[in-house]
Amino acid sequence: MKAQDIMVKNVICVDMDERLPNVKQIMETNGFHHLPVTEKGKLVGIISDRDLLRLISPFIDSASEQPRDLDTLNRAAHQVMTRQPITVKAETPVEEIVAWLKRVDISCLPVTDDEDHVIGIISWRDLVNHATF
């Protein structure tokens, strides 16, 4: 089995200048845990829900909200993304994908073509859903 057999296609990506409120909304609306970041259609980074939890103030929309809390929303995707994410190609064997996830302690891998365009994404959930026991 290869990446192309289990990857999620039609991946939603955001531009590197996208602001965090929109990034957060896209992730919440679609139930995503990871969002690829592109520049001119090419993958340049990835944002996880953990990145947002770490960076966005938990006091937003609460009685304790302060102006500095709202400032955490003014960041752009390129300011919080993980740059140069590890990627795989459509032909990459699933065993190699599992090895990457275990070795580097990441939970998803974007699938790119030869020009670094995102053609899919694979998370550990996709691997579990396709596991044959």
# chains A, B, ... in the order shown; residues from 1 in each chain; ligands from 1
call {"tool": "residues_around", "arguments": {"residues": "Trp124 of chain A", "least_positions_apart": "3", "cutoff": "9 Å", "atoms": "only C-alpha atoms", "output": "PDB file with N, CA, C and O atoms, in the first residue's frame"}}
result
ATOM      1  N   VAL A  98       4.731   5.331   8.292  1.00  0.00           N
ATOM      2  CA  VAL A  98       4.649   4.960   9.706  1.00  0.00           C
ATOM      3  C   VAL A  98       5.987   5.219  10.391  1.00  0.00           C
ATOM      4  O   VAL A  98       6.033   5.763  11.509  1.00  0.00           O
ATOM      5  N   LEU A 101       6.357   8.952  11.092  1.00  0.00           N
ATOM      6  CA  LEU A 101       5.487   9.409  12.182  1.00  0.00           C
ATOM      7  C   LEU A 101       6.066   9.004  13.538  1.00  0.00           C
ATOM      8  O   LEU A 101       6.007   9.771  14.502  1.00  0.00           O
ATOM      9  N   ILE A 106       5.551  13.177  14.806  1.00  0.00           N
ATOM     10  CA  ILE A 106       4.591  14.065  14.158  1.00  0.00           C
ATOM     11  C   ILE A 106       3.320  13.269  13.927  1.00  0.00           C
ATOM     12  O   ILE A 106       3.322  12.040  14.027  1.00  0.00           O
ATOM     13  N   SER A 107       2.229  13.964  13.630  1.00  0.00           N
ATOM     14  CA  SER A 107       0.965  13.246  13.487  1.00  0.00           C
ATOM     15  C   SER A 107       0.345  13.356  12.096  1.00  0.00           C
ATOM     16  O   SER A 107      -0.746  12.854  11.869  1.00  0.00           O
ATOM     17  N   CYS A 108       1.036  14.013  11.170  1.00  0.00           N
ATOM     18  CA  CYS A 108       0.557  14.019   9.787  1.00  0.00           C
ATOM     19  C   CYS A 108       1.716  14.291   8.836  1.00  0.00           C
ATOM     20  O   CYS A 108       2.757  14.815   9.239  1.00  0.00           O
ATOM     21  N   LEU A 109       1.499  13.892   7.598  1.00  0.00           N
ATOM     22  CA  LEU A 109       2.476  14.134   6.538  1.00  0.00           C
ATOM     23  C   LEU A 109       1.754  14.637   5.296  1.00  0.00           C
ATOM     24  O   LEU A 109       0.877  13.940   4.772  1.00  0.00           O
ATOM     25  N   LEU A 127      -4.030   6.199   8.778  1.00  0.00           N
ATOM     26  CA  LEU A 127      -3.340   4.904   8.864  1.00  0.00           C
ATOM     27  C   LEU A 127      -4.153   3.898   9.658  1.00  0.00           C
ATOM     28  O   LEU A 127      -4.289   2.740   9.260  1.00  0.00           O
ATOM     29  N   VAL A 128      -4.729   4.326  10.777  1.00  0.00           N
ATOM     30  CA  VAL A 128      -5.550   3.428  11.596  1.00  0.00           C
ATOM     31  C   VAL A 128      -6.784   2.987  10.805  1.00  0.00           C
ATOM     32  O   VAL A 128      -7.162   1.808  10.846  1.00  0.00           O
ATOM     33  N   ASN A 129      -7.390   3.912  10.090  1.00  0.00           N
ATOM     34  CA  ASN A 129      -8.599   3.578   9.321  1.00  0.00           C
ATOM     35  C   ASN A 129      -8.345   2.591   8.204  1.00  0.00           C
ATOM     36  O   ASN A 129      -9.248   1.899   7.761  1.00  0.00           O
TER      37      ASN A 129
END
call {"tool": "residues_around", "arguments": {"residues": "Val111 of chain A", "least_positions_apart": "4", "cutoff": "6 Å", "atoms": "only C-alpha atoms", "output": "JSON, numbers by chain"}}
result
{"A": [87, 88, 89, 118, 119, 120, 121]}
call {"tool": "write_last_selection", "arguments": {"atoms": "C-alpha atoms", "output": "PDB file, in the first residue's frame"}}
result
ATOM      1  CA  THR A  87       6.558  15.429   3.146  1.00  0.00           C
ATOM      2  CA  VAL A  88       6.055  12.247   1.197  1.00  0.00           C
ATOM      3  CA  LYS A  89       5.250  11.487  -2.429  1.00  0.00           C
ATOM      4  CA  VAL A 118      -0.059  19.606  -1.973  1.00  0.00           C
ATOM      5  CA  ILE A 119      -1.961  16.673  -3.489  1.00  0.00           C
ATOM      6  CA  GLY A 120      -2.973  14.979  -0.250  1.00  0.00           C
ATOM      7  CA  ILE A 121      -2.391  14.616   3.462  1.00  0.00           C
TER       8      ILE A 121
END
call {"tool": "closest_residue", "arguments": {"among": "A:His33, A:Ala90, A:Thr72, A:Glu95", "to": "Arg125 of chain A", "atoms": "only C-alpha atoms"}}
result
A:His33
call {"tool": "atom_distance", "arguments": {"atom1": "atom CA of Gln84 of chain A", "atom2": "atom CA of Lys42 of chain A"}}
result
11.1 Å
call {"tool": "select_by_dssp", "arguments": {"residues": "chain A", "states": "alpha helix (DSSP H)", "output": "PyMOL selection string"}}
result
chain A and resi 3-6+20-30+49-55+67-71+77-80+94-104+124-129
call {"tool": "write_last_selection", "arguments": {"atoms": "C-alpha atoms", "output": "tab-separated table (two decimals), in the first residue's frame"}}
result
chain	number	residue	atom	x	y	z
A	3	ALA	CA	0.46	7.07	0.26
A	4	GLN	CA	-1.88	7.58	-2.70
A	5	ASP	CA	-4.04	4.69	-1.47
A	6	ILE	CA	-4.83	6.22	1.92
A	20	LEU	CA	-5.11	33.19	12.68
A	21	PRO	CA	-8.85	33.84	13.23
A	22	ASN	CA	-9.56	32.48	9.74
A	23	VAL	CA	-7.10	29.61	10.16
A	24	LYS	CA	-8.82	28.67	13.43
A	25	GLN	CA	-12.27	28.90	11.84
A	26	ILE	CA	-11.28	26.67	8.90
A	27	MET	CA	-9.87	24.05	11.25
A	28	GLU	CA	-12.88	24.11	13.58
A	29	THR	CA	-15.50	24.15	10.79
A	30	ASN	CA	-13.91	21.19	9.00
A	49	ASP	CA	-4.37	22.64	16.27
A	50	ARG	CA	-1.71	22.37	18.97
A	51	ASP	CA	0.09	25.39	17.49
A	52	LEU	CA	-3.13	27.39	17.80
A	53	LEU	CA	-3.77	26.22	21.35
A	54	ARG	CA	-0.25	27.22	22.31
A	55	LEU	CA	-0.39	30.68	20.68
A	67	PRO	CA	-6.12	43.85	24.69
A	68	ARG	CA	-2.94	41.75	24.76
A	69	ASP	CA	-5.13	38.63	24.37
A	70	LEU	CA	-6.62	40.00	21.15
A	71	ASP	CA	-3.11	40.73	19.89
A	77	ALA	CA	0.05	31.82	9.29
A	78	HIS	CA	3.72	32.21	8.34
A	79	GLN	CA	4.48	33.49	11.85
A	80	VAL	CA	3.24	30.35	13.58
A	94	VAL	CA	2.92	3.13	4.01
A	95	GLU	CA	5.69	1.46	6.03
A	96	GLU	CA	7.93	4.46	5.39
A	97	ILE	CA	5.11	6.82	6.43
A	98	VAL	CA	4.65	4.96	9.71
A	99	ALA	CA	8.40	5.10	10.30
A	100	TRP	CA	8.42	8.90	9.82
A	101	LEU	CA	5.49	9.41	12.18
A	102	LYS	CA	7.20	7.33	14.88
A	103	ARG	CA	10.73	8.66	14.39
A	104	VAL	CA	9.95	12.37	14.30
A	124	TRP	CA	-2.17	8.78	11.94
A	125	ARG	CA	-5.99	8.48	11.85
A	126	ASP	CA	-5.85	7.66	8.14
A	127	LEU	CA	-3.34	4.90	8.86
A	128	VAL	CA	-5.55	3.43	11.60
A	129	ASN	CA	-8.60	3.58	9.32
call {"tool": "select_by_dssp", "arguments": {"residues": "chain A", "states": "strand (DSSP E or B)", "output": "ChimeraX atom specification"}}
result
/A:2,8,14-15,19,34-39,42-48,76,82-83,88,93,108-112,118-123
call {"tool": "atom_distance", "arguments": {"atom1": "atom CA of His130 of chain A", "atom2": "atom CA of Gly41 of chain A"}}
result
28.8 Å
